[in-house]
>>> print(open('run.pdb').read())   # PDB, C-alpha atoms
ATOM      1  CA  MET A   1      96.109 121.668 107.702  1.00  0.00           C
ATOM      2  CA  ALA A   2      96.831 118.129 108.900  1.00  0.00           C
ATOM      3  CA  GLU A   3      98.577 115.729 106.540  1.00  0.00           C
ATOM      4  CA  SER A   4      96.272 113.092 105.045  1.00  0.00           C
ATOM      5  CA  TRP A   5      96.545 109.521 106.258  1.00  0.00           C
ATOM      6  CA  SER A   6      98.191 106.968 103.993  1.00  0.00           C
ATOM      7  CA  VAL A   7      96.701 103.515 103.365  1.00  0.00           C
ATOM      8  CA  ASP A   8      99.443 101.795 105.382  1.00  0.00           C
ATOM      9  CA  GLU A   9      98.971 104.294 108.204  1.00  0.00           C
ATOM     10  CA  VAL A  10      95.209 103.642 108.396  1.00  0.00           C
ATOM     11  CA  GLN A  11      95.730  99.862 108.275  1.00  0.00           C
ATOM     12  CA  THR A  12      98.236 100.056 111.141  1.00  0.00           C
ATOM     13  CA  PHE A  13      95.939 102.399 113.064  1.00  0.00           C
ATOM     14  CA  LEU A  14      92.943 100.040 112.736  1.00  0.00           C
ATOM     15  CA  SER A  15      95.025  97.022 113.749  1.00  0.00           C
ATOM     16  CA  LEU A  16      96.024  98.858 116.943  1.00  0.00           C
ATOM     17  CA  VAL A  17      92.548 100.213 117.716  1.00  0.00           C
ATOM     18  CA  GLY A  18      91.011  96.797 117.012  1.00  0.00           C
ATOM     19  CA  GLU A  19      92.874  95.152 119.883  1.00  0.00           C
ATOM     20  CA  GLU A  20      90.464  93.907 122.536  1.00  0.00           C
ATOM     21  CA  ARG A  21      92.352  95.676 125.339  1.00  0.00           C
ATOM     22  CA  ILE A  22      92.134  99.046 123.559  1.00  0.00           C
ATOM     23  CA  GLN A  23      88.443  98.509 122.850  1.00  0.00           C
ATOM     24  CA  ARG A  24      87.736  97.674 126.495  1.00  0.00           C
ATOM     25  CA  GLU A  25      89.542 100.812 127.639  1.00  0.00           C
ATOM     26  CA  LEU A  26      87.630 102.945 125.121  1.00  0.00           C
ATOM     27  CA  ASP A  27      84.333 101.377 126.237  1.00  0.00           C
ATOM     28  CA  GLY A  28      84.997 101.975 129.921  1.00  0.00           C
ATOM     29  CA  ALA A  29      86.667 105.407 129.795  1.00  0.00           C
ATOM     30  CA  THR A  30      84.713 108.596 130.369  1.00  0.00           C
ATOM     31  CA  ARG A  31      87.699 110.590 129.118  1.00  0.00           C
ATOM     32  CA  ASN A  32      89.688 108.657 126.532  1.00  0.00           C
ATOM     33  CA  GLU A  33      92.660 111.033 126.155  1.00  0.00           C
ATOM     34  CA  LYS A  34      95.078 108.591 127.819  1.00  0.00           C
ATOM     35  CA  VAL A  35      93.871 105.735 125.599  1.00  0.00           C
ATOM     36  CA  PHE A  36      94.500 107.699 122.410  1.00  0.00           C
ATOM     37  CA  GLN A  37      97.869 108.869 123.754  1.00  0.00           C
ATOM     38  CA  GLU A  38      98.822 105.205 124.059  1.00  0.00           C
ATOM     39  CA  VAL A  39      97.532 104.537 120.521  1.00  0.00           C
ATOM     40  CA  ALA A  40      99.614 107.480 119.221  1.00  0.00           C
ATOM     41  CA  GLN A  41     102.720 106.053 120.940  1.00  0.00           C
ATOM     42  CA  LEU A  42     102.094 102.603 119.465  1.00  0.00           C
ATOM     43  CA  LEU A  43     101.549 104.185 116.053  1.00  0.00           C
ATOM     44  CA  ALA A  44     104.830 106.105 116.393  1.00  0.00           C
ATOM     45  CA  ALA A  45     106.587 102.795 117.134  1.00  0.00           C
ATOM     46  CA  HIS A  46     105.509 101.708 113.620  1.00  0.00           C
ATOM     47  CA  GLY A  47     106.950 104.871 112.080  1.00  0.00           C
ATOM     48  CA  HIS A  48     103.733 106.915 111.858  1.00  0.00           C
ATOM     49  CA  HIS A  49     103.697 110.052 113.995  1.00  0.00           C
ATOM     50  CA  ARG A  50     100.271 111.423 114.956  1.00  0.00           C
ATOM     51  CA  THR A  51      98.952 113.301 117.972  1.00  0.00           C
ATOM     52  CA  TYR A  52      96.330 111.755 120.212  1.00  0.00           C
ATOM     53  CA  LYS A  53      93.795 114.320 118.932  1.00  0.00           C
ATOM     54  CA  GLN A  54      94.459 113.275 115.323  1.00  0.00           C
ATOM     55  CA  CYS A  55      93.990 109.623 116.317  1.00  0.00           C
ATOM     56  CA  ARG A  56      90.732 110.403 118.130  1.00  0.00           C
ATOM     57  CA  ASP A  57      89.360 112.467 115.225  1.00  0.00           C
ATOM     58  CA  LYS A  58      90.388 109.802 112.700  1.00  0.00           C
ATOM     59  CA  LEU A  59      88.585 107.025 114.585  1.00  0.00           C
ATOM     60  CA  LYS A  60      85.501 109.226 114.969  1.00  0.00           C
ATOM     61  CA  LYS A  61      85.475 109.869 111.179  1.00  0.00           C
ATOM     62  CA  LEU A  62      85.956 106.185 110.378  1.00  0.00           C
ATOM     63  CA  LYS A  63      83.143 105.170 112.730  1.00  0.00           C
ATOM     64  CA  SER A  64      80.825 107.787 111.234  1.00  0.00           C
ATOM     65  CA  ASP A  65      81.528 106.606 107.665  1.00  0.00           C
ATOM     66  CA  TYR A  66      81.116 102.979 108.734  1.00  0.00           C
ATOM     67  CA  ARG A  67      77.728 103.595 110.366  1.00  0.00           C
ATOM     68  CA  THR A  68      76.498 105.653 107.400  1.00  0.00           C
ATOM     69  CA  ILE A  69      77.376 102.945 104.863  1.00  0.00           C
ATOM     70  CA  LYS A  70      76.092 100.102 107.064  1.00  0.00           C
ATOM     71  CA  ASP A  71      72.769 101.858 107.740  1.00  0.00           C
ATOM     72  CA  HIS A  72      72.374 102.624 104.044  1.00  0.00           C
ATOM     73  CA  ASN A  73      73.065  99.020 103.014  1.00  0.00           C
ATOM     74  CA  CYS A  74      70.610  97.738 105.631  1.00  0.00           C
ATOM     75  CA  ARG A  75      67.843  99.958 104.261  1.00  0.00           C
ATOM     76  CA  SER A  76      68.717  99.649 100.588  1.00  0.00           C
ATOM     77  CA  GLY A  77      68.337  96.555  98.480  1.00  0.00           C
ATOM     78  CA  ALA A  78      70.303  96.725  95.240  1.00  0.00           C
ATOM     79  CA  ASN A  79      71.844 100.181  95.676  1.00  0.00           C
ATOM     80  CA  ARG A  80      74.562  99.061  98.087  1.00  0.00           C
ATOM     81  CA  ARG A  81      77.679 101.089  98.825  1.00  0.00           C
ATOM     82  CA  THR A  82      81.244  99.865  99.210  1.00  0.00           C
ATOM     83  CA  TRP A  83      84.168 101.227 101.216  1.00  0.00           C
ATOM     84  CA  LYS A  84      87.751 100.006 101.425  1.00  0.00           C
ATOM     85  CA  TRP A  85      87.808 100.082 105.243  1.00  0.00           C
ATOM     86  CA  PHE A  86      84.376  98.522 105.736  1.00  0.00           C
ATOM     87  CA  ASP A  87      85.592  94.946 106.359  1.00  0.00           C
ATOM     88  CA  GLN A  88      88.150  96.002 108.962  1.00  0.00           C
ATOM     89  CA  MET A  89      85.697  98.333 110.706  1.00  0.00           C
ATOM     90  CA  ASP A  90      82.978  95.677 110.619  1.00  0.00           C
ATOM     91  CA  ALA A  91      85.381  93.156 112.169  1.00  0.00           C
ATOM     92  CA  ILE A  92      85.926  95.592 115.060  1.00  0.00           C
ATOM     93  CA  TYR A  93      82.461  97.102 115.557  1.00  0.00           C
ATOM     94  CA  GLY A  94      80.118  94.727 113.719  1.00  0.00           C
ATOM     95  CA  SER A  95      79.582  92.435 116.704  1.00  0.00           C
ATOM     96  CA  ARG A  96      80.172  94.955 119.534  1.00  0.00           C
ATOM     97  CA  PRO A  97      77.129  96.238 121.436  1.00  0.00           C
ATOM     98  CA  ALA A  98      76.295  99.765 120.346  1.00  0.00           C
ATOM     99  CA  SER A  99      75.743 100.895 123.943  1.00  0.00           C
ATOM    100  CA  ASN A 100      79.231 100.086 125.284  1.00  0.00           C
ATOM    101  CA  GLY A 101      80.779 103.131 126.920  1.00  0.00           C
ATOM    102  CA  ARG A 102      79.657 106.730 127.088  1.00  0.00           C
ATOM    103  CA  GLU A 103      81.191 107.506 123.698  1.00  0.00           C
ATOM    104  CA  GLY A 104      79.380 104.573 122.048  1.00  0.00           C
ATOM    105  CA  ALA A 105      76.080 105.562 123.629  1.00  0.00           C
ATOM    106  CA  LEU A 106      76.331 109.154 122.441  1.00  0.00           C
ATOM    107  CA  ASP A 107      77.365 108.074 118.919  1.00  0.00           C
ATOM    108  CA  SER A 108      74.518 105.554 118.740  1.00  0.00           C
ATOM    109  CA  ALA A 109      71.917 108.041 119.943  1.00  0.00           C
ATOM    110  CA  THR A 110      73.138 110.665 117.479  1.00  0.00           C
ATOM    111  CA  SER A 111      73.189 108.147 114.630  1.00  0.00           C
ATOM    112  CA  LEU A 112      69.669 106.956 115.535  1.00  0.00           C
ATOM    113  CA  LEU A 113      68.366 110.523 115.553  1.00  0.00           C
ATOM    114  CA  ASP A 114      69.990 111.278 112.176  1.00  0.00           C
ATOM    115  CA  ASN A 115      68.546 108.097 110.653  1.00  0.00           C
ATOM    116  CA  THR A 116      65.065 108.890 111.976  1.00  0.00           C
ATOM    117  CA  ILE A 117      65.187 112.395 110.519  1.00  0.00           C
ATOM    118  CA  GLU A 118      66.345 110.975 107.173  1.00  0.00           C
ATOM    119  CA  ASP A 119      63.538 108.364 107.244  1.00  0.00           C
ATOM    120  CA  ASP A 120      60.960 111.086 107.939  1.00  0.00           C
ATOM    121  CA  ALA A 121      62.189 113.132 104.990  1.00  0.00           C
ATOM    122  CA  LEU A 122      62.031 110.099 102.700  1.00  0.00           C
ATOM    123  CA  SER A 123      58.565 109.213 104.021  1.00  0.00           C
ATOM    124  CA  THR A 124      57.286 112.718 103.275  1.00  0.00           C
ATOM    125  CA  ILE A 125      58.694 112.592  99.728  1.00  0.00           C
ATOM    126  CA  ASP A 126      57.182 109.148  99.144  1.00  0.00           C
ATOM    127  CA  SER A 127      53.763 110.262 100.400  1.00  0.00           C
ATOM    128  CA  LEU A 128      53.820 113.190  97.963  1.00  0.00           C
ATOM    129  CA  ALA A 129      54.935 110.995  95.069  1.00  0.00           C
ATOM    130  CA  LEU A 130      52.290 108.295  95.721  1.00  0.00           C
ATOM    131  CA  SER A 131      49.409 110.739  96.228  1.00  0.00           C
ATOM    132  CA  PRO A 132      46.662 110.369  93.541  1.00  0.00           C
ATOM    133  CA  CYS A 133      46.498 114.137  93.117  1.00  0.00           C
ATOM    134  CA  SER A 134      49.959 115.575  92.710  1.00  0.00           C
ATOM    135  CA  ASP A 135      48.859 119.103  91.994  1.00  0.00           C
ATOM    136  CA  ALA A 136      49.554 122.277  93.955  1.00  0.00           C
ATOM    137  CA  SER A 137      46.792 121.520  96.473  1.00  0.00           C
ATOM    138  CA  THR A 138      48.611 118.334  97.554  1.00  0.00           C
ATOM    139  CA  VAL A 139      51.795 120.274  98.192  1.00  0.00           C
ATOM    140  CA  ILE A 140      49.896 122.812 100.217  1.00  0.00           C
ATOM    141  CA  ALA A 141      48.248 120.036 102.237  1.00  0.00           C
ATOM    142  CA  ALA A 142      51.656 118.554 103.056  1.00  0.00           C
ATOM    143  CA  SER A 143      52.911 121.858 104.412  1.00  0.00           C
ATOM    144  CA  PRO A 144      52.096 122.997 107.991  1.00  0.00           C
ATOM    145  CA  PRO A 145      48.381 123.922 108.243  1.00  0.00           C
ATOM    146  CA  ALA A 146      47.519 127.607 108.166  1.00  0.00           C
ATOM    147  CA  ARG A 147      45.678 129.302 111.026  1.00  0.00           C
ATOM    148  CA  PRO A 148      42.020 128.215 110.789  1.00  0.00           C
ATOM    149  CA  SER A 149      39.432 130.874 110.123  1.00  0.00           C
ATOM    150  CA  THR A 150      36.471 131.574 112.387  1.00  0.00           C
ATOM    151  CA  PRO A 151      33.637 128.979 112.390  1.00  0.00           C
ATOM    152  CA  ALA A 152      31.184 131.501 110.948  1.00  0.00           C
ATOM    153  CA  THR A 153      33.122 131.901 107.660  1.00  0.00           C
ATOM    154  CA  SER A 154      35.027 128.600 107.396  1.00  0.00           C
ATOM    155  CA  SER A 155      33.624 126.003 105.009  1.00  0.00           C
ATOM    156  CA  LYS A 156      36.629 123.631 104.873  1.00  0.00           C
ATOM    157  CA  THR A 157      37.146 120.570 107.061  1.00  0.00           C
ATOM    158  CA  PRO A 158      40.170 121.019 109.415  1.00  0.00           C
ATOM    159  CA  GLU A 159      43.118 118.839 108.430  1.00  0.00           C
ATOM    160  CA  ARG A 160      44.072 116.064 110.826  1.00  0.00           C
ATOM    161  CA  LEU A 161      47.641 115.174 111.714  1.00  0.00           C
ATOM    162  CA  VAL A 162      48.641 111.827 110.173  1.00  0.00           C
ATOM    163  CA  PRO A 163      49.227 109.239 112.960  1.00  0.00           C
ATOM    164  CA  GLY A 164      52.552 108.163 111.470  1.00  0.00           C
ATOM    165  CA  LYS A 165      53.882 111.714 111.453  1.00  0.00           C
ATOM    166  CA  ARG A 166      52.657 112.250 115.022  1.00  0.00           C
ATOM    167  CA  LYS A 167      54.495 109.107 116.124  1.00  0.00           C
ATOM    168  CA  ARG A 168      57.715 110.180 114.364  1.00  0.00           C
ATOM    169  CA  SER A 169      57.467 113.615 115.972  1.00  0.00           C
ATOM    170  CA  MET A 170      57.167 111.957 119.371  1.00  0.00           C
ATOM    171  CA  HIS A 171      60.212 109.823 118.567  1.00  0.00           C
ATOM    172  CA  HIS A 172      62.150 112.979 117.697  1.00  0.00           C
ATOM    173  CA  GLN A 173      61.270 114.527 121.037  1.00  0.00           C
ATOM    174  CA  GLU A 174      62.185 111.328 122.896  1.00  0.00           C
ATOM    175  CA  HIS A 175      65.570 111.136 121.155  1.00  0.00           C
ATOM    176  CA  LEU A 176      66.303 114.773 121.884  1.00  0.00           C
ATOM    177  CA  ALA A 177      65.305 114.244 125.522  1.00  0.00           C
ATOM    178  CA  VAL A 178      67.654 111.242 125.764  1.00  0.00           C
ATOM    179  CA  LEU A 179      70.515 113.271 124.334  1.00  0.00           C
ATOM    180  CA  ARG A 180      69.855 116.119 126.755  1.00  0.00           C
ATOM    181  CA  GLU A 181      69.734 113.716 129.702  1.00  0.00           C
ATOM    182  CA  MET A 182      73.052 112.163 128.637  1.00  0.00           C
ATOM    183  CA  GLN A 183      74.648 115.592 128.302  1.00  0.00           C
ATOM    184  CA  VAL A 184      73.366 116.603 131.751  1.00  0.00           C
ATOM    185  CA  ALA A 185      74.659 113.324 133.225  1.00  0.00           C
ATOM    186  CA  ASP A 186      78.044 113.887 131.608  1.00  0.00           C
ATOM    187  CA  ILE A 187      78.246 117.427 133.028  1.00  0.00           C
ATOM    188  CA  GLN A 188      77.248 116.153 136.472  1.00  0.00           C
ATOM    189  CA  GLN A 189      79.921 113.436 136.276  1.00  0.00           C
ATOM    190  CA  GLN A 190      82.554 116.013 135.318  1.00  0.00           C
ATOM    191  CA  GLU A 191      81.532 118.210 138.259  1.00  0.00           C
ATOM    192  CA  LEU A 192      81.702 115.201 140.596  1.00  0.00           C
ATOM    193  CA  ASN A 193      85.176 114.316 139.306  1.00  0.00           C
ATOM    194  CA  ARG A 194      86.327 117.906 139.774  1.00  0.00           C
ATOM    195  CA  ALA A 195      84.954 117.973 143.334  1.00  0.00           C
ATOM    196  CA  GLN A 196      86.744 114.711 144.121  1.00  0.00           C
ATOM    197  CA  ARG A 197      90.014 116.053 142.730  1.00  0.00           C
ATOM    198  CA  GLU A 198      89.664 119.223 144.811  1.00  0.00           C
ATOM    199  CA  LEU A 199      88.913 117.123 147.911  1.00  0.00           C
ATOM    200  CA  HIS A 200      91.979 114.936 147.330  1.00  0.00           C
ATOM    201  CA  LEU A 201      94.117 118.028 146.768  1.00  0.00           C
ATOM    202  CA  GLN A 202      92.866 119.613 150.007  1.00  0.00           C
ATOM    203  CA  MET A 203      93.523 116.376 151.900  1.00  0.00           C
ATOM    204  CA  ALA A 204      97.075 116.268 150.511  1.00  0.00           C
ATOM    205  CA  ILE A 205      97.641 119.895 151.548  1.00  0.00           C
ATOM    206  CA  ASP A 206      96.323 119.177 155.072  1.00  0.00           C
ATOM    207  CA  GLU A 207      98.531 116.101 155.392  1.00  0.00           C
ATOM    208  CA  ALA A 208     101.582 118.066 154.271  1.00  0.00           C
ATOM    209  CA  ARG A 209     100.813 120.829 156.775  1.00  0.00           C
ATOM    210  CA  GLN A 210     100.399 118.329 159.600  1.00  0.00           C
ATOM    211  CA  ALA A 211     103.671 116.650 158.642  1.00  0.00           C
ATOM    212  CA  ARG A 212     105.478 120.003 158.743  1.00  0.00           C
ATOM    213  CA  GLU A 213     103.952 120.819 162.136  1.00  0.00           C
ATOM    214  CA  GLN A 214     104.988 117.432 163.544  1.00  0.00           C
ATOM    215  CA  GLU A 215     108.488 117.850 162.180  1.00  0.00           C
ATOM    216  CA  ALA A 216     108.758 121.324 163.747  1.00  0.00           C
ATOM    217  CA  ALA A 217     107.532 119.975 167.095  1.00  0.00           C
ATOM    218  CA  LEU A 218     110.088 117.154 166.980  1.00  0.00           C
ATOM    219  CA  ARG A 219     112.889 119.608 166.198  1.00  0.00           C
ATOM    220  CA  THR A 220     111.804 121.849 169.104  1.00  0.00           C
ATOM    221  CA  GLU A 221     111.803 118.876 171.462  1.00  0.00           C
ATOM    222  CA  GLU A 222     115.212 117.718 170.209  1.00  0.00           C
ATOM    223  CA  ASN A 223     116.643 121.224 170.691  1.00  0.00           C
ATOM    224  CA  ALA A 224     115.236 121.366 174.245  1.00  0.00           C
ATOM    225  CA  GLN A 225     116.727 117.979 175.077  1.00  0.00           C
ATOM    226  CA  THR A 226     120.082 119.011 173.624  1.00  0.00           C
ATOM    227  CA  ALA A 227     120.075 122.253 175.642  1.00  0.00           C
ATOM    228  CA  ALA A 228     119.198 120.372 178.860  1.00  0.00           C
ATOM    229  CA  PHE A 229     121.990 117.870 178.236  1.00  0.00           C
ATOM    230  CA  ASN A 230     124.501 120.625 177.583  1.00  0.00           C
ATOM    231  CA  GLN A 231     123.486 122.441 180.775  1.00  0.00           C
ATOM    232  CA  ALA A 232     123.781 119.265 182.870  1.00  0.00           C
ATOM    233  CA  PHE A 233     127.164 118.566 181.343  1.00  0.00           C
ATOM    234  CA  LEU A 234     128.355 122.069 182.161  1.00  0.00           C
ATOM    235  CA  ASN A 235     127.108 121.699 185.762  1.00  0.00           C
ATOM    236  CA  VAL A 236     129.017 118.424 186.204  1.00  0.00           C
ATOM    237  CA  MET A 237     132.152 119.929 184.708  1.00  0.00           C
ATOM    238  CA  GLY A 238     131.869 122.915 187.111  1.00  0.00           C
ATOM    239  CA  MET A 239     131.527 120.591 190.069  1.00  0.00           C
ATOM    240  CA  LEU A 240     134.592 118.622 188.972  1.00  0.00           C
ATOM    241  CA  VAL A 241     136.615 121.831 188.598  1.00  0.00           C
ATOM    242  CA  GLN A 242     135.631 122.980 192.082  1.00  0.00           C
ATOM    243  CA  ALA A 243     136.511 119.572 193.570  1.00  0.00           C
ATOM    244  CA  MET A 244     139.907 119.565 191.919  1.00  0.00           C
ATOM    245  CA  SER A 245     140.595 123.142 193.052  1.00  0.00           C
ATOM    246  CA  GLY A 246     139.722 122.269 196.670  1.00  0.00           C
ATOM    247  CA  ARG A 247     142.047 119.253 196.650  1.00  0.00           C
ATOM    248  CA  GLN A 248     144.922 121.320 195.298  1.00  0.00           C
ATOM    249  CA  GLU A 249     144.434 123.878 198.061  1.00  0.00           C
ATOM    250  CA  GLN A 250     144.533 121.137 200.728  1.00  0.00           C
ATOM    251  CA  ASN A 251     147.752 119.759 199.283  1.00  0.00           C
ATOM    252  CA  SER A 252     149.388 123.152 199.280  1.00  0.00           C
ATOM    253  CA  LEU A 253     148.812 123.700 203.034  1.00  0.00           C
ATOM    254  CA  PRO A 254     151.948 123.060 205.324  1.00  0.00           C
ATOM    255  CA  ASP A 255     151.878 119.988 207.524  1.00  0.00           C
TER     256      ASP A 255
END
>>> encode(input="run.pdb", output="structure tokens")
Amino acid sequence: MAESWSVDEVQTFLSLVGEERIQRELDGATRNEKVFQEVAQLLAAHGHHRTYKQCRDKLKKLKSDYRTIKDHNCRSGANRRTWKWFDQMDAIYGSRPASNGREGALDSATSLLDNTIEDDALSTIDSLALSPCSDASTVIAASPPARPSTPATSSKTPERLVPGKRKRSMHHQEHLAVLREMQVADIQQQELNRAQRELHLQMAIDEARQAREQEAALRTEENAQTAAFNQAFLNVMGMLVQAMSGRQEQNSLPD
């Protein structure tokens, strides 16, 4: 189990994460592992040792708590919540666009979907509480309609779907579709990155092979030139030896 974060550790962590350069890198990075590795190194320089995964999970938890409290306070009047890290988090994320970066877009879409589901639940409870007839028949009417009977035996008017609920259901489907599209786009981007890495690796392998072949060809040519030089040198030396031998024989003949 990971050790809990101290107050000083969280304050130092937020001061590092709140830097504009770090925020820009988090906004623009598809994979933020390197950014959080840098944050972990900066945190270690202040005497707090955490892994990049712990830093990433801690920021995700802080952002989730911040959004929950801020959304609650925006919807609620007097029943406002407080949090000791709210001011620092609001200074970092209060004025930043919610759609910056892939991570911000996914968090915002998820938060929007959660808030919509919570609003629908509250709306259903309020409609039951404000209904003039709060007996068992009202509860049954609020539940999903049963399968209608045949027209020959049915004497009840079919229940109509409330327009507000139909609109919220459509919003749910739209939000889920957006999330699915973002997940598909993220998978496609990962596949594209993997294909590019494989292409670069293959190009590097081909270049290395070509370099080895060129080096081998140069060595073969150098060896051939060296052998030709040695043979020419030996031929010249043989001719010199023959010339010197012939001169000695002429000198040895009697006058």
>>> atom_distance(input="run.pdb", atom1="atom CA of A:Val39", atom2="atom CA of A:Ser64")
19.4 Å
>>> residues_near_point(input="run.pdb", point="(90.5, 111.7, 123.4)", cutoff="10 Å", atoms="only C-alpha atoms", output="ChimeraX atom specification")
/A:26,29-37,52-57
>>> atom_distance(input="run.pdb", atom1="atom CA of A:Leu43", atom2="atom CA of A:Thr12")
7.2 Å
